[in-house]
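See below for work_12.csv, which holds CSV, C-alpha atoms and all ligand atoms.
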```
chain,number,residue,atom,x,y,z
A,13,MET,CA,-32.6,-138.0,-57.4
A,14,GLU,CA,-32.5,-137.9,-53.7
A,15,ARG,CA,-30.0,-139.6,-51.3
A,16,GLU,CA,-32.1,-142.8,-50.7
A,17,GLU,CA,-32.4,-143.4,-54.4
A,18,TRP,CA,-28.6,-143.0,-55.0
A,19,ASP,CA,-27.9,-145.3,-52.0
A,20,ARG,CA,-30.1,-147.9,-53.7
A,21,ARG,CA,-28.3,-147.4,-57.1
A,22,TYR,CA,-24.9,-147.8,-55.4
A,23,ALA,CA,-25.9,-151.0,-53.5
A,24,GLY,CA,-24.0,-154.1,-54.4
A,25,ASP,CA,-20.3,-154.8,-54.8
A,26,GLU,CA,-20.0,-153.7,-58.5
A,27,LEU,CA,-18.9,-150.2,-59.2
A,28,LEU,CA,-21.8,-148.2,-60.8
A,29,TRP,CA,-19.2,-146.1,-62.6
A,30,ARG,CA,-15.7,-147.1,-63.6
A,31,ALA,CA,-12.6,-147.1,-61.3
A,32,GLU,CA,-10.8,-145.1,-64.0
A,33,PRO,CA,-11.0,-141.3,-63.9
A,34,ASN,CA,-13.0,-139.2,-66.3
A,35,MET,CA,-11.0,-138.6,-69.5
A,36,PHE,CA,-11.6,-134.9,-69.3
A,37,LEU,CA,-10.3,-134.7,-65.8
A,38,VAL,CA,-7.1,-136.3,-67.0
A,39,GLU,CA,-6.9,-134.0,-70.0
A,40,GLN,CA,-7.7,-130.7,-68.2
A,41,THR,CA,-5.5,-131.2,-65.2
A,42,ALA,CA,-2.4,-132.3,-67.2
A,43,ASP,CA,-1.0,-128.7,-67.0
A,44,LEU,CA,-1.8,-128.0,-63.3
A,45,GLU,CA,0.5,-128.3,-60.4
A,46,PRO,CA,-1.0,-130.5,-57.7
A,47,GLY,CA,-2.4,-128.6,-54.7
A,48,THR,CA,-5.7,-129.0,-52.8
A,49,ALA,CA,-8.6,-130.5,-54.7
A,50,LEU,CA,-12.3,-130.7,-53.9
A,51,ASP,CA,-14.5,-133.3,-55.8
A,52,ILE,CA,-18.1,-132.3,-55.5
A,53,ALA,CA,-20.6,-135.2,-55.6
A,54,CYS,CA,-17.6,-137.6,-55.9
A,55,GLY,CA,-19.7,-140.8,-56.0
A,56,GLU,CA,-17.4,-143.9,-55.7
A,57,GLY,CA,-14.4,-141.7,-55.8
A,58,ARG,CA,-12.7,-142.5,-59.1
A,59,ASN,CA,-11.7,-138.9,-59.8
A,60,ALA,CA,-10.7,-138.0,-56.2
A,61,VAL,CA,-8.6,-141.1,-55.9
A,62,TRP,CA,-6.9,-140.5,-59.3
A,63,LEU,CA,-6.1,-136.9,-58.2
A,64,ALA,CA,-4.6,-138.2,-54.9
A,65,GLU,CA,-2.5,-140.6,-56.9
A,66,ARG,CA,-1.1,-137.7,-58.7
A,67,GLY,CA,-0.1,-135.8,-55.6
A,68,TRP,CA,-3.2,-133.7,-55.0
A,69,LYS,CA,-4.5,-133.4,-51.4
A,70,ALA,CA,-8.0,-134.5,-52.3
A,71,THR,CA,-11.4,-134.1,-50.6
A,72,GLY,CA,-14.5,-135.9,-51.9
A,73,VAL,CA,-18.0,-134.9,-50.9
A,74,ASP,CA,-21.2,-136.9,-51.6
A,75,PHE,CA,-24.5,-137.5,-49.8
A,76,SER,CA,-24.6,-141.2,-50.5
A,77,ALA,CA,-23.0,-143.2,-47.6
A,78,VAL,CA,-23.0,-146.3,-49.8
A,79,ALA,CA,-21.0,-144.5,-52.5
A,80,LEU,CA,-18.5,-143.2,-50.0
A,81,ALA,CA,-18.0,-146.7,-48.5
A,82,LYS,CA,-17.0,-147.8,-52.0
A,83,ALA,CA,-14.8,-144.7,-52.4
A,84,ARG,CA,-13.0,-145.5,-49.2
A,85,HIS,CA,-12.4,-149.1,-50.4
A,86,LEU,CA,-11.0,-147.8,-53.8
A,87,ALA,CA,-8.7,-145.4,-52.0
A,88,ALA,CA,-7.4,-148.1,-49.7
A,89,ALA,CA,-6.9,-150.5,-52.6
A,90,ARG,CA,-4.9,-147.8,-54.4
A,91,GLY,CA,-2.9,-146.9,-51.3
A,92,VAL,CA,-3.9,-143.2,-51.2
A,93,GLU,CA,-5.5,-140.9,-48.6
A,94,VAL,CA,-8.5,-138.9,-49.5
A,95,GLU,CA,-10.8,-137.0,-47.1
A,96,TRP,CA,-14.4,-138.2,-47.6
A,97,ILE,CA,-17.2,-136.0,-46.4
A,98,GLU,CA,-20.8,-137.2,-46.3
A,99,ALA,CA,-22.9,-134.1,-47.0
A,100,ASP,CA,-25.6,-132.6,-49.2
A,101,VAL,CA,-23.8,-130.3,-51.6
A,102,ARG,CA,-26.9,-128.1,-51.8
A,103,THR,CA,-26.3,-126.9,-48.3
A,104,TRP,CA,-22.7,-127.9,-47.4
A,105,VAL,CA,-20.3,-125.0,-47.1
A,106,PRO,CA,-16.6,-125.8,-47.9
A,107,PRO,CA,-14.3,-125.0,-44.9
A,108,ALA,CA,-11.6,-123.5,-47.1
A,109,SER,CA,-10.9,-122.6,-50.7
A,110,PHE,CA,-9.2,-125.1,-53.0
A,111,ASP,CA,-6.7,-125.0,-55.9
A,112,LEU,CA,-9.0,-127.2,-57.9
A,113,VAL,CA,-12.8,-127.6,-57.6
A,114,VAL,CA,-14.3,-130.4,-59.7
A,115,LEU,CA,-17.9,-131.1,-60.5
A,116,MET,CA,-18.3,-134.2,-62.7
A,117,TYR,CA,-21.8,-135.2,-63.8
A,118,VAL,CA,-23.6,-133.3,-61.0
A,119,GLN,CA,-26.9,-133.2,-62.8
A,120,LEU,CA,-29.1,-131.2,-60.5
A,121,PRO,CA,-32.4,-129.5,-61.5
A,122,SER,CA,-31.5,-126.2,-63.2
A,123,ALA,CA,-32.8,-124.0,-60.3
A,124,GLU,CA,-30.6,-125.9,-57.8
A,125,ARG,CA,-27.6,-126.2,-60.2
A,126,HIS,CA,-27.5,-122.4,-60.6
A,127,SER,CA,-26.9,-121.8,-56.9
A,128,VAL,CA,-24.8,-124.8,-56.2
A,129,TYR,CA,-22.4,-124.3,-59.1
A,130,ARG,CA,-22.1,-120.6,-58.3
A,131,ALA,CA,-21.4,-121.4,-54.6
A,132,PHE,CA,-18.6,-123.8,-55.5
A,133,ALA,CA,-17.1,-121.4,-58.0
A,134,GLY,CA,-16.6,-119.2,-55.0
A,135,ALA,CA,-14.5,-122.0,-53.3
A,136,VAL,CA,-11.7,-121.7,-55.9
A,137,ALA,CA,-8.5,-120.3,-54.5
A,138,PRO,CA,-6.5,-117.5,-56.2
A,139,ALA,CA,-4.6,-119.1,-59.2
A,140,GLY,CA,-6.9,-122.1,-58.8
A,141,HIS,CA,-9.3,-123.7,-61.3
A,142,LEU,CA,-12.9,-124.8,-61.5
A,143,LEU,CA,-13.6,-127.8,-63.8
A,144,VAL,CA,-17.2,-128.7,-64.7
A,145,VAL,CA,-18.1,-131.7,-66.9
A,146,GLY,CA,-21.6,-132.9,-67.3
A,147,HIS,CA,-24.2,-134.5,-69.6
A,148,ASP,CA,-24.9,-131.9,-72.3
A,149,THR,CA,-28.5,-130.8,-73.2
A,150,GLU,CA,-28.0,-132.1,-76.7
A,151,ASN,CA,-27.0,-135.5,-75.4
A,152,LEU,CA,-30.7,-136.4,-75.1
A,153,ALA,CA,-31.3,-136.2,-78.9
A,154,SER,CA,-27.8,-136.7,-80.3
A,155,GLY,CA,-25.7,-138.7,-77.8
A,156,ILE,CA,-26.1,-141.7,-75.6
A,157,GLY,CA,-26.8,-142.6,-71.9
A,158,GLY,CA,-27.1,-140.1,-69.1
A,159,PRO,CA,-30.2,-138.7,-67.5
A,160,GLN,CA,-33.3,-138.5,-69.7
A,161,HIS,CA,-34.8,-135.4,-67.9
A,162,PRO,CA,-34.0,-132.2,-69.9
A,163,ASP,CA,-34.1,-130.0,-66.8
A,164,VAL,CA,-31.0,-131.7,-65.3
A,165,LEU,CA,-29.0,-131.4,-68.5
A,166,PHE,CA,-27.0,-128.3,-69.3
A,167,SER,CA,-24.8,-126.7,-71.8
A,168,ALA,CA,-21.4,-125.1,-71.3
A,169,ALA,CA,-23.1,-121.7,-71.8
A,170,ASP,CA,-25.5,-122.5,-68.9
A,171,VAL,CA,-22.5,-123.1,-66.6
A,172,VAL,CA,-20.8,-119.9,-67.8
A,173,ASP,CA,-24.1,-118.1,-66.8
A,174,ASP,CA,-24.1,-119.9,-63.4
A,175,ILE,CA,-20.6,-118.8,-62.5
A,176,GLU,CA,-20.9,-115.2,-63.8
A,177,GLY,CA,-19.9,-112.7,-61.2
A,178,SER,CA,-17.8,-115.2,-59.3
A,179,GLY,CA,-14.5,-113.6,-60.4
A,180,LEU,CA,-13.5,-116.6,-62.4
A,181,LEU,CA,-12.0,-116.3,-65.9
A,182,VAL,CA,-13.5,-118.8,-68.3
A,183,GLU,CA,-10.7,-120.6,-70.2
A,184,ARG,CA,-12.8,-123.3,-72.0
A,185,ALA,CA,-16.5,-123.6,-72.5
A,186,GLN,CA,-17.6,-126.1,-75.1
A,187,GLN,CA,-19.4,-129.3,-75.9
A,188,VAL,CA,-17.1,-132.3,-76.0
A,189,ARG,CA,-17.5,-135.9,-77.2
A,190,ARG,CA,-16.9,-138.9,-75.0
A,191,PRO,CA,-16.7,-142.3,-76.8
A,192,VAL,CA,-18.9,-145.0,-75.2
A,193,ALA,CA,-18.5,-148.7,-76.1
A,194,THR,CA,-21.9,-150.3,-77.1
A,195,ASP,CA,-22.9,-153.6,-78.7
A,196,ASP,CA,-23.1,-151.8,-82.0
A,197,GLY,CA,-19.6,-150.2,-81.7
A,198,GLU,CA,-18.4,-146.9,-80.3
A,199,VAL,CA,-20.9,-144.1,-79.9
A,200,ASP,CA,-20.2,-140.5,-78.7
A,201,ALA,CA,-21.9,-139.2,-75.6
A,202,LEU,CA,-22.1,-135.4,-75.6
A,203,ASP,CA,-20.8,-133.6,-72.5
A,204,ALA,CA,-20.5,-129.9,-71.5
A,205,LEU,CA,-17.1,-128.8,-70.3
A,206,VAL,CA,-16.1,-125.6,-68.6
A,207,ARG,CA,-12.7,-124.8,-67.2
A,208,ALA,CA,-12.2,-121.5,-65.4
A,209,LEU,CA,-9.4,-119.8,-63.5
A,210,ARG,CA,-9.4,-117.5,-60.6
A,211,PRO,CA,-6.7,-114.9,-61.4
A,212,PRO,CA,-3.8,-114.9,-58.9
A,213,ALA,CA,-4.3,-112.3,-56.0
B,1,LIG,C1,-23.6,-139.4,-61.9
B,1,LIG,S1,-22.9,-139.6,-60.3
B,1,LIG,C2,-21.3,-138.9,-60.5
B,1,LIG,C3,-20.3,-139.3,-59.5
B,1,LIG,C4,-18.9,-138.8,-59.8
B,1,LIG,N1,-18.8,-137.3,-59.8
B,1,LIG,C5,-18.2,-139.4,-61.0
B,1,LIG,O1,-18.1,-138.7,-62.0
B,1,LIG,O2,-17.9,-140.6,-61.0
B,1,LIG,C6,-23.7,-138.2,-59.4
B,1,LIG,C7,-23.4,-138.2,-57.9
B,1,LIG,O3,-24.0,-137.1,-57.3
B,1,LIG,C8,-24.3,-137.4,-56.0
B,1,LIG,N2,-25.3,-136.4,-55.6
B,1,LIG,C9,-26.5,-136.0,-56.2
B,1,LIG,N3,-27.1,-135.0,-55.6
B,1,LIG,C10,-26.3,-134.7,-54.5
B,1,LIG,C11,-26.4,-133.8,-53.4
B,1,LIG,N4,-27.5,-133.0,-53.3
B,1,LIG,N5,-25.4,-133.8,-52.5
B,1,LIG,C12,-24.4,-134.6,-52.5
B,1,LIG,N6,-24.2,-135.5,-53.5
B,1,LIG,C13,-25.2,-135.6,-54.5
B,1,LIG,C14,-24.9,-138.8,-56.1
B,1,LIG,O4,-24.9,-139.5,-54.8
B,1,LIG,C15,-23.9,-139.4,-57.1
B,1,LIG,O5,-22.8,-140.0,-56.4
```
Take the structure I supplied and represent it as structure tokens, if you would.
Amino acid sequence: MEREEWDRRYAGDELLWRAEPNMFLVEQTADLEPGTALDIACGEGRNAVWLAERGWKATGVDFSAVALAKARHLAAARGVEVEWIEADVRTWVPPASFDLVVLMYVQLPSAERHSVYRAFAGAVAPAGHLLVVGHDTENLASGIGGPQHPDVLFSAADVVDDIEGSGLLVERAQQVRRPVATDDGEVDALDALVRALRPPA
């Protein structure tokens, strides 16, 4: 989906996503000391704002100006500072390396995903982490919600392939279940999760 389509999706006062952080971000950062964090395709800012609340110096990047306006609003309401950057992550080059680089549900076509994920793996500082969570390929047949185009879905193994040669050490690469409330009760969405560490210099 291109920028204009995302801007249209984000139009209106309601949040498209929730104000609460992703459950796997909370789980996977519990053992990390706050430092600098980069949230790629941050949307309405739920994850970057949560990181800032926990003492991270957070930066969020997204190409939707409408989403970023909502992100600014959320940060102000929560009383935290986050640097928001309006940019296309397919071409944006980070100005520095970060202690944590997060890609949450960045469902790009596979050819674009490969180069983008690899580039942002390169933005992880020594002793820093990369955290990727996204809609798993198997979610289409066995999960719920998420994009319905197979080419924008991926497995943890796909992400491990994307970041191969980046110098990161894969700590976790697996399919994970995320409970979603429906009218018929709770159903599990299937996500792919990869956490990787750049060994200290
Ligand atoms: C499913 S939303 C996820 C938002 C956020 N990561 C979260 O978990 O709440 C995907 C986001 O990717 C952004 N996006 C998609 N393609 C992008 C691109 N090429 N450059 C920057 N942002 C992009 C969209 O604007 C949207 O905010």
Can you check which parts of chain A lie within 6 Å of ligand LIG 1 (chain B)? Per residue, the shortest pair of atoms and distance in Å to one decimal, counting all atoms listed in the file, sorted by chain and number, as a Markdown table.
```
| residue | atom | partner | partner_atom | distance |
| --- | --- | --- | --- | --- |
| A:Trp18 | CA | B:LIG1 | O4 | 5.1 |
| A:Trp29 | CA | B:LIG1 | O2 | 5.9 |
| A:Ala53 | CA | B:LIG1 | N6 | 4.2 |
| A:Cys54 | CA | B:LIG1 | N1 | 4.1 |
| A:Gly55 | CA | B:LIG1 | O5 | 3.2 |
| A:Arg58 | CA | B:LIG1 | O2 | 5.9 |
| A:Asp74 | CA | B:LIG1 | N6 | 3.8 |
| A:Phe75 | CA | B:LIG1 | C12 | 4.0 |
| A:Ser76 | CA | B:LIG1 | O4 | 4.6 |
| A:Ala99 | CA | B:LIG1 | C12 | 5.7 |
| A:Asp100 | CA | B:LIG1 | N5 | 3.5 |
| A:Val101 | CA | B:LIG1 | N5 | 4.0 |
| A:Arg102 | CA | B:LIG1 | N4 | 5.2 |
| A:Met116 | CA | B:LIG1 | N1 | 4.3 |
| A:Tyr117 | CA | B:LIG1 | C1 | 4.9 |
| A:Val118 | CA | B:LIG1 | C6 | 5.2 |
```
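Here CA of Ala169 in chain A is placed at a distance of 23.2 Å from CA of Pro138 in chain A.
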Exercise. Would you kindly return, as number ranges by chain, each protein, DNA or RNA residue with an atom no farther than 6 Å from any atom of range 142-147 of chain A, considering all atoms listed in the file and excluding same-chain residues fewer than 4 positions away?
Key: A: 112-117, 165, 203-208
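Considering all atoms listed in the file, the residue among A:Val105, A:Glu14, A:Met35, A:Glu98 positioned nearest to Val78 in chain A is A:Glu98.
CA of Arg130 in chain A is positioned 13.3 Å from CA of Arg210 in chain A.
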Practice problem: Find the spatial neighbours of Ala201 in chain A, counting all atoms listed in the file, within a cut-off of 9 Å - ignore same-chain residues fewer than 6 positions away - and output them as a PyMOL selection string. | Solution: chain A and resi 147-148+151+154-158+188-192
Self-check item: Leu80 in chain A environment, 7 Å, only C-alpha atoms, sequence neighbours closer than 3 positions dropped, as number ranges by chain
Solution: A: 55-56, 76-77, 83-84, 96
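CA of Ala64 in chain A is positioned 6.9 Å from CA of Glu93 in chain A.
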Quiz item: Which one of A:Ser178, A:Gln119, A:Ser167, A:Gln160 sits closest to Phe132 in chain A if you count all atoms listed in the file?
Solution: A:Ser178
